[in-house]
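Engineer: The structure follows.
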Amino acid sequence: MGGLVVAEENKQSFWVLWFLVFPIFIYLFYEHIVAFSTENVFAVIAFSVLILLVSLFPIRIKSTSLIPLHGISLAVFLQFGIIVEMAVTQLALFTALSRIKLSKKELFRIPLNSLIFLSTSALAAGAFYLLGGSTGNVDRMTFFNDGIPIIGYAVTYFFSNHILIYFAIKYMTKKEHNFWDEDLRWEAISAVMIVPVGLILTMMYNQIGFIAILLMSVPFICVSLILKQFHNTKQTNKLLTEVSAYGYRINENLPVRGIIELFFEHVKAIFPVDRIYLYERNDNQLKLKDSFHPDSYSEMTLLYGDAVSKKVVHEGRSVHYDARRQWETQGQYDNYPNTHSIISVPVMRNHEAVGVITLTSERKRAFEKRHVMILEFMANYLGVAIQNARNYAQKKQESERCALTNLYNFRYFENLLLEKFDESKSELNERQLAIILIDLDHFKRVNDTYGHHSGNEVLCQVADLLEETVGHCGTVARYGGEEFVVLIEGTNLTVVESMAESLRLAIENHIFIVEDDLKERKQTSIQVTASIGVAGKTEPGESAMAVLRNADRAMYTGAKQQGRNRVAQFS
């Protein structure tokens, strides 16, 4: 149950309940064990050693650890009763939790899991006794008389444990939680494999004594290792499938922002991660490109990388740390508050590290070796996808934009114009669309007087002025030479003509600063004017090119031929 967000009052309630219940259990166990013979005490110790060995090989399922104890707990229960079984199970539980190295936030799992296992043992024992079973008489056990109580014990143990965990999670998180999850499936698999071995252990111990525990320790540990290895292999294959799906999605012509968001989405789904840092390498320095869930302090201090990430980018090799003491000697450890586990991998391109991905967790041993391999795959996908996206964006920019003014070029504007007019025709009430065509007056004089470079400077400044004046009200493009064009949507011609007049005045009143190429390259200020034509749809279904031609006619006949520096509307 690691990684759950649990309210502090819930954590405290678990501790209070545990401190009330556990001392009572300790007292009952003491009263029970003092009555045992020396032989039985040594037998309990032997079973305890066996269950401790098995608890050393937990199966990691996401952020939870599954310990296949069912068989041994059944053998101890049949031989010594409920109190001893509870004690042995609790011992295994505390051993497993100590190996996990819980963080301070996760210490509540000690009382929570202890209470769940005590309750599970009690419920399973209750089912066994209700079905007519008895403990301590293993030599008289028969399948006919004791088979049903044993099955009842195993089934109750299995379901009650999971039901208690299910409701505990619901109580702690106040969120819906799937009952038939992966934990339940793996508990079922382990129960099917371990419980029969536990029954065999019970029978053999009754026949040959301590040697049975020694002999059966091998199959118990082997079964645990087989389950662990099988689960690890299955999980690795599952993760590789998810990474493959991620690689497919990340190459769907997404922009860089979309690629990073998709990467974070998959990382959060695959890894038991608390924080994600994505660094980019520029001029041999790291810079934070994006991050997930950092506090404001760590985001500020890690803006230019940290010691771990810098080590990775300089060496071009991944690192994996399970505990704070392994990495805090790298320096700058205060930048990762409450962090223990870290994996950091380089983003490689052309055999060079161009970035770093660093994942951190507040839990010890949160990441496994396979996580490093998976993250390396994802980093390679990410590096290629970002480079492809940037190349695509650059090519798109080059194909759509004027190289001089950075306005849209006429090819893009023409396609946009046709698209908007087609959309307008498909609507029930056609949208109002209008075009403003702008031509700078006597622009040849600027080139002849100050040089073509100065003329280009004027064109660039006019482009900036047009974009600033039009803003989000329309789309500005370079029509060609010293001509510009603006597409306005959803506004009547009176408003469009008013905007055109604003553009004319903005150009007329602007002081253009240029470098005089023809006279000692000195800075000089000049003014220009513009003739402007405005046209909109004059009749339903009118084509885009017809409206553009009308704006051109208005500009030439109504503005240029009437003295220039004026706005004319086609009518």
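Chain labels follow the order of the structure tokens: the first chain is A, the next B, and so on; residue numbering restarts at 1 in every chain, and ligands are counted from 1 in their shown order.
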Report as a PDB file with C-alpha atoms, in the first residue's frame all protein, DNA and RNA residues lying within 9 Å of Ser119 (chain A), evaluated on only C-alpha atoms, omitting residues in the same chain fewer than 5 positions from it.
Structural biologist:
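What follows is the written file out-v3.pdb:
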ATOM      1  CA  SER A 114      -0.192  -5.644  11.693  1.00  0.00           C
ATOM      2  CA  ALA A 124      -9.568 -17.610   9.094  1.00  0.00           C
ATOM      3  CA  SER A 160     -10.513 -11.616   4.292  1.00  0.00           C
ATOM      4  CA  ASN A 161      -6.957 -10.329   3.861  1.00  0.00           C
ATOM      5  CA  LEU A 164      -9.589  -5.732   4.734  1.00  0.00           C
TER       6      LEU A 164
END
Engineer: Within 10 Å of Thr120 (chain A), counting only C-alpha atoms, which residues show up once you throw out same-chain ones fewer than 5 positions away? Write them as a VMD selection string, please.
Structural biologist: chain A and resid 86 114 to 115 125 to 126 156 to 164
Engineer: Would you save the residues of that selection, restricted to C-alpha atoms, as a PDB file, in the first residue's frame?
Structural biologist:
ATOM      1  CA  MET A  86      -0.522 -14.905  14.735  1.00  0.00           C
ATOM      2  CA  SER A 114      -0.192  -5.644  11.693  1.00  0.00           C
ATOM      3  CA  LEU A 115      -3.891  -5.094  12.432  1.00  0.00           C
ATOM      4  CA  ALA A 125      -9.311 -19.430  12.439  1.00  0.00           C
ATOM      5  CA  GLY A 126     -12.969 -18.625  13.174  1.00  0.00           C
ATOM      6  CA  THR A 156     -11.221 -17.150   4.386  1.00  0.00           C
ATOM      7  CA  TYR A 157      -7.570 -16.221   4.904  1.00  0.00           C
ATOM      8  CA  PHE A 158      -7.249 -15.318   1.244  1.00  0.00           C
ATOM      9  CA  PHE A 159     -10.433 -13.237   0.862  1.00  0.00           C
ATOM     10  CA  SER A 160     -10.513 -11.616   4.292  1.00  0.00           C
ATOM     11  CA  ASN A 161      -6.957 -10.329   3.861  1.00  0.00           C
ATOM     12  CA  HIS A 162      -7.819  -8.721   0.551  1.00  0.00           C
ATOM     13  CA  ILE A 163     -11.198  -7.399   1.718  1.00  0.00           C
ATOM     14  CA  LEU A 164      -9.589  -5.732   4.734  1.00  0.00           C
TER      15      LEU A 164
END
Engineer: Work out how far CA of Phe94 (chain A) is from CA of Leu107 (chain A), in Å to one decimal.
Structural biologist: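 One can read the CA of Leu107 (chain A) to CA of Phe94 (chain A) distance as 11.6 Å.
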Engineer: Leaving out region 321-329 of chain A and any residue of its chain fewer than 5 positions from it, which residues lie within 6 Å of it when counting only C-alpha atoms, given as a count of residues only?
Structural biologist: 5
Engineer: Quick one: everything within 12 Å of Lys104 (chain A), counting only C-alpha atoms, minus sequence neighbours fewer than 5 positions away in the same chain. Send it as a list in words.
Structural biologist: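 Neighbouring residues, sequence-local ones excluded: Gly2, Glu8, Lys11, Arg109, Ile110, Asn338, Thr339, His340, Glu362, Arg363 and Lys364 of chain A.
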Engineer: Could you please determine the separation between CA of Ile270 (chain A) and CA of Asn350 (chain A) in Å, to one decimal place?
Structural biologist: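 Between CA of Ile270 (chain A) and CA of Asn350 (chain A) the gap works out to 26.8 Å.
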Engineer: Could you state the separation of CA of Leu78 (chain A) and CA of Leu225 (chain A) in Å, given to one decimal place?
Structural biologist: 25.2 Å
Engineer: Of the candidates A:His351, A:Tyr450, A:Leu288, A:Ala379, which one gets nearest to Glu520 (chain A) if we count only C-alpha atoms?
Structural biologist: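 Using only C-alpha atoms, Glu520 (chain A) sits closest to A:Tyr450.
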Engineer: Can you pull out every residue within 12 Å of region 235-250 of chain A, counting only C-alpha atoms, but drop anything in the same chain fewer than 4 positions away, and send it as a PyMOL selection string?
Structural biologist: chain A and resi 59-62+182+186+227-231+254-267+269-271+368-389
Engineer: Pick from A:Phe14, A:Leu91, A:Cys473, A:Ile51: nearest to Ile26 (chain A), with only C-alpha atoms counted?
Structural biologist: A:Leu91
Engineer: Kindly indicate which residue among A:Leu52, A:Ile435, A:Ala96, A:Ala212 lies nearest to Thr491 (chain A), using only C-alpha atoms for the distances.
Structural biologist: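 Under the stated criterion, the closest residue is A:Ile435.
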Engineer: Pick the closest to Gly133 (chain A) from A:Ile150, A:Leu56, A:Ala530, A:Val273: which is it, counting only C-alpha atoms?
Structural biologist: A:Ile150
Engineer: I'd like the neighbourhood of Ala500 (chain A) as a VMD selection string, where a residue qualifies if any of its atoms comes within 12 Å (using only C-alpha atoms), though same-chain residues fewer than 4 positions away should be ignored.
Structural biologist: chain A and resid 434 to 439 466 469 to 470 473 to 474 484 to 488 493 to 496 504 to 507 530 to 535 551 555 565 to 569
Engineer: Could the residues in this selection be saved with N, CA and C atoms as a tab-separated table (two decimals), in the first residue's frame?
Structural biologist:
chain	number	residue	atom	x	y	z
A	434	ALA	N	-13.77	39.40	-44.43
A	434	ALA	CA	-13.32	40.58	-45.17
A	434	ALA	C	-11.80	40.54	-45.31
A	435	ILE	N	-11.31	41.22	-46.35
A	435	ILE	CA	-9.87	41.26	-46.63
A	435	ILE	C	-9.42	42.70	-46.70
A	436	ILE	N	-8.29	42.96	-46.07
A	436	ILE	CA	-7.62	44.27	-46.15
A	436	ILE	C	-6.31	44.08	-46.90
A	437	LEU	N	-6.15	44.79	-48.03
A	437	LEU	CA	-4.93	44.69	-48.83
A	437	LEU	C	-4.16	46.00	-48.70
A	438	ILE	N	-2.89	45.92	-48.34
A	438	ILE	CA	-2.08	47.10	-48.02
A	438	ILE	C	-0.88	47.15	-48.96
A	439	ASP	N	-0.67	48.32	-49.57
A	439	ASP	CA	0.49	48.52	-50.45
A	439	ASP	C	1.21	49.79	-50.02
A	466	LEU	N	1.90	46.01	-38.16
A	466	LEU	CA	0.61	45.44	-38.56
A	466	LEU	C	0.14	44.37	-37.57
A	469	THR	N	-1.03	46.01	-34.38
A	469	THR	CA	-2.29	46.74	-34.51
A	469	THR	C	-3.47	45.79	-34.70
A	470	VAL	N	-3.29	44.76	-35.53
A	470	VAL	CA	-4.38	43.81	-35.79
A	470	VAL	C	-4.60	42.89	-34.59
A	473	CYS	N	-7.41	40.02	-33.85
A	473	CYS	CA	-8.62	40.28	-34.64
A	473	CYS	C	-8.55	39.71	-36.05
A	474	GLY	N	-7.36	39.36	-36.51
A	474	GLY	CA	-7.23	38.84	-37.86
A	474	GLY	C	-5.88	38.18	-38.09
A	484	PHE	N	0.95	43.79	-48.21
A	484	PHE	CA	0.53	42.95	-47.08
A	484	PHE	C	-0.97	42.74	-47.16
A	485	VAL	N	-1.43	41.67	-46.55
A	485	VAL	CA	-2.86	41.34	-46.60
A	485	VAL	C	-3.32	40.86	-45.23
A	486	VAL	N	-4.57	41.21	-44.88
A	486	VAL	CA	-5.14	40.83	-43.58
A	486	VAL	C	-6.50	40.20	-43.81
A	487	LEU	N	-6.75	39.05	-43.16
A	487	LEU	CA	-8.06	38.39	-43.20
A	487	LEU	C	-8.77	38.65	-41.88
A	488	ILE	N	-9.99	39.20	-41.96
A	488	ILE	CA	-10.80	39.50	-40.78
A	488	ILE	C	-12.06	38.64	-40.84
A	493	LEU	N	-18.32	45.20	-42.55
A	493	LEU	CA	-17.35	45.97	-43.33
A	493	LEU	C	-17.08	47.34	-42.73
A	494	THR	N	-18.05	47.89	-42.02
A	494	THR	CA	-17.83	49.20	-41.41
A	494	THR	C	-16.71	49.13	-40.37
A	495	VAL	N	-16.76	48.08	-39.56
A	495	VAL	CA	-15.71	47.89	-38.56
A	495	VAL	C	-14.37	47.59	-39.23
A	496	VAL	N	-14.40	46.76	-40.28
A	496	VAL	CA	-13.17	46.42	-41.00
A	496	VAL	C	-12.55	47.67	-41.63
A	504	ARG	N	-3.67	52.41	-41.53
A	504	ARG	CA	-3.09	53.49	-42.36
A	504	ARG	C	-2.45	54.56	-41.49
A	505	LEU	N	-3.16	54.95	-40.44
A	505	LEU	CA	-2.64	55.98	-39.55
A	505	LEU	C	-1.40	55.49	-38.80
A	506	ALA	N	-1.43	54.21	-38.39
A	506	ALA	CA	-0.28	53.66	-37.66
A	506	ALA	C	0.97	53.70	-38.52
A	507	ILE	N	0.82	53.37	-39.82
A	507	ILE	CA	1.98	53.38	-40.73
A	507	ILE	C	2.43	54.82	-40.99
A	530	ALA	N	0.70	54.29	-46.86
A	530	ALA	CA	0.18	53.08	-47.49
A	530	ALA	C	-1.19	53.35	-48.09
A	531	SER	N	-1.46	52.72	-49.21
A	531	SER	CA	-2.79	52.71	-49.82
A	531	SER	C	-3.43	51.37	-49.49
A	532	ILE	N	-4.70	51.43	-49.09
A	532	ILE	CA	-5.35	50.23	-48.55
A	532	ILE	C	-6.69	50.01	-49.22
A	533	GLY	N	-6.92	48.74	-49.61
A	533	GLY	CA	-8.22	48.36	-50.16
A	533	GLY	C	-8.92	47.38	-49.25
A	534	VAL	N	-10.24	47.53	-49.12
A	534	VAL	CA	-11.04	46.67	-48.26
A	534	VAL	C	-12.17	46.07	-49.07
A	535	ALA	N	-12.39	44.76	-48.90
A	535	ALA	CA	-13.50	44.09	-49.60
A	535	ALA	C	-14.02	42.96	-48.74
A	551	ALA	N	-10.60	43.46	-53.28
A	551	ALA	CA	-9.77	44.27	-52.39
A	551	ALA	C	-8.62	44.90	-53.17
A	555	MET	N	-7.97	48.88	-53.74
A	555	MET	CA	-6.69	49.49	-53.37
A	555	MET	C	-6.11	50.32	-54.53
A	565	ASN	N	-2.19	57.00	-49.89
A	565	ASN	CA	-2.32	57.23	-48.44
A	565	ASN	C	-3.79	57.38	-48.04
A	566	ARG	N	-4.59	56.41	-48.45
A	566	ARG	CA	-6.00	56.44	-48.10
A	566	ARG	C	-6.56	55.02	-48.11
A	567	VAL	N	-7.77	54.85	-47.56
A	567	VAL	CA	-8.47	53.56	-47.51
A	567	VAL	C	-9.65	53.63	-48.45
A	568	ALA	N	-9.79	52.60	-49.27
A	568	ALA	CA	-10.93	52.52	-50.18
A	568	ALA	C	-11.63	51.19	-50.01
A	569	GLN	N	-12.98	51.25	-50.03
A	569	GLN	CA	-13.78	50.03	-49.89
A	569	GLN	C	-14.40	49.68	-51.23
Engineer: Output as a VMD selection string all residues of region 461-538 of chain A that backbone DSSP marks as strand (DSSP E or B).
Structural biologist: chain A and resid 474 to 480 483 to 489 512 to 515 523 to 526 530 to 536
Engineer: Keeping only C-alpha atoms, write the selected residues to a file as an mmCIF file, in the first residue's frame.
Structural biologist:
data_model
loop_
_atom_site.group_PDB
_atom_site.id
_atom_site.type_symbol
_atom_site.label_atom_id
_atom_site.label_comp_id
_atom_site.auth_asym_id
_atom_site.auth_seq_id
_atom_site.Cartn_x
_atom_site.Cartn_y
_atom_site.Cartn_z
ATOM 1 C CA GLY A 474 -7.229 38.839 -37.861
ATOM 2 C CA THR A 475 -4.436 37.057 -39.703
ATOM 3 C CA VAL A 476 -1.645 39.124 -41.277
ATOM 4 C CA ALA A 477 0.475 37.864 -44.193
ATOM 5 C CA ARG A 478 2.963 39.237 -46.677
ATOM 6 C CA TYR A 479 1.269 39.384 -50.080
ATOM 7 C CA GLY A 480 4.488 40.001 -51.983
ATOM 8 C CA GLU A 483 2.215 44.455 -50.148
ATOM 9 C CA PHE A 484 0.535 42.950 -47.084
ATOM 10 C CA VAL A 485 -2.857 41.343 -46.602
ATOM 11 C CA VAL A 486 -5.136 40.829 -43.579
ATOM 12 C CA LEU A 487 -8.057 38.395 -43.199
ATOM 13 C CA ILE A 488 -10.796 39.495 -40.778
ATOM 14 C CA GLU A 489 -13.596 37.151 -39.642
ATOM 15 C CA PHE A 512 11.055 53.997 -39.168
ATOM 16 C CA ILE A 513 14.702 53.853 -38.079
ATOM 17 C CA VAL A 514 16.979 52.389 -40.765
ATOM 18 C CA GLU A 515 20.665 52.237 -41.569
ATOM 19 C CA GLN A 523 21.088 55.559 -38.831
ATOM 20 C CA THR A 524 18.307 57.690 -40.205
ATOM 21 C CA SER A 525 14.578 58.051 -39.697
ATOM 22 C CA ILE A 526 12.043 57.923 -42.512
ATOM 23 C CA ALA A 530 0.176 53.080 -47.490
ATOM 24 C CA SER A 531 -2.790 52.714 -49.816
ATOM 25 C CA ILE A 532 -5.347 50.230 -48.551
ATOM 26 C CA GLY A 533 -8.221 48.360 -50.160
ATOM 27 C CA VAL A 534 -11.043 46.674 -48.256
ATOM 28 C CA ALA A 535 -13.496 44.094 -49.604
ATOM 29 C CA GLY A 536 -15.956 41.606 -48.201
#
Engineer: With distances taken over only C-alpha atoms, which residue among A:Asn251, A:Asn509, A:Thr360, A:Gln79 lies nearest Ser134 (chain A)?
Structural biologist: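 Ranking A:Asn251, A:Asn509, A:Thr360, A:Gln79 by distance to Ser134 (chain A), first place goes to A:Gln79.
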Engineer: With distances taken over only C-alpha atoms, which of A:Ser318, A:Asn40, A:Ser361, A:Thr233 is nearest to Gly209 (chain A)?
Structural biologist: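 Closest to Gly209 (chain A) of all the choices is A:Asn40.
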Engineer: Determine which residues of region 407-563 of chain A DSSP labels as alpha helix (DSSP H) from the backbone of this structure, then write them out as a VMD selection string.
Structural biologist: chain A and resid 410 to 426 443 to 450 452 to 470 493 to 509 544 to 553
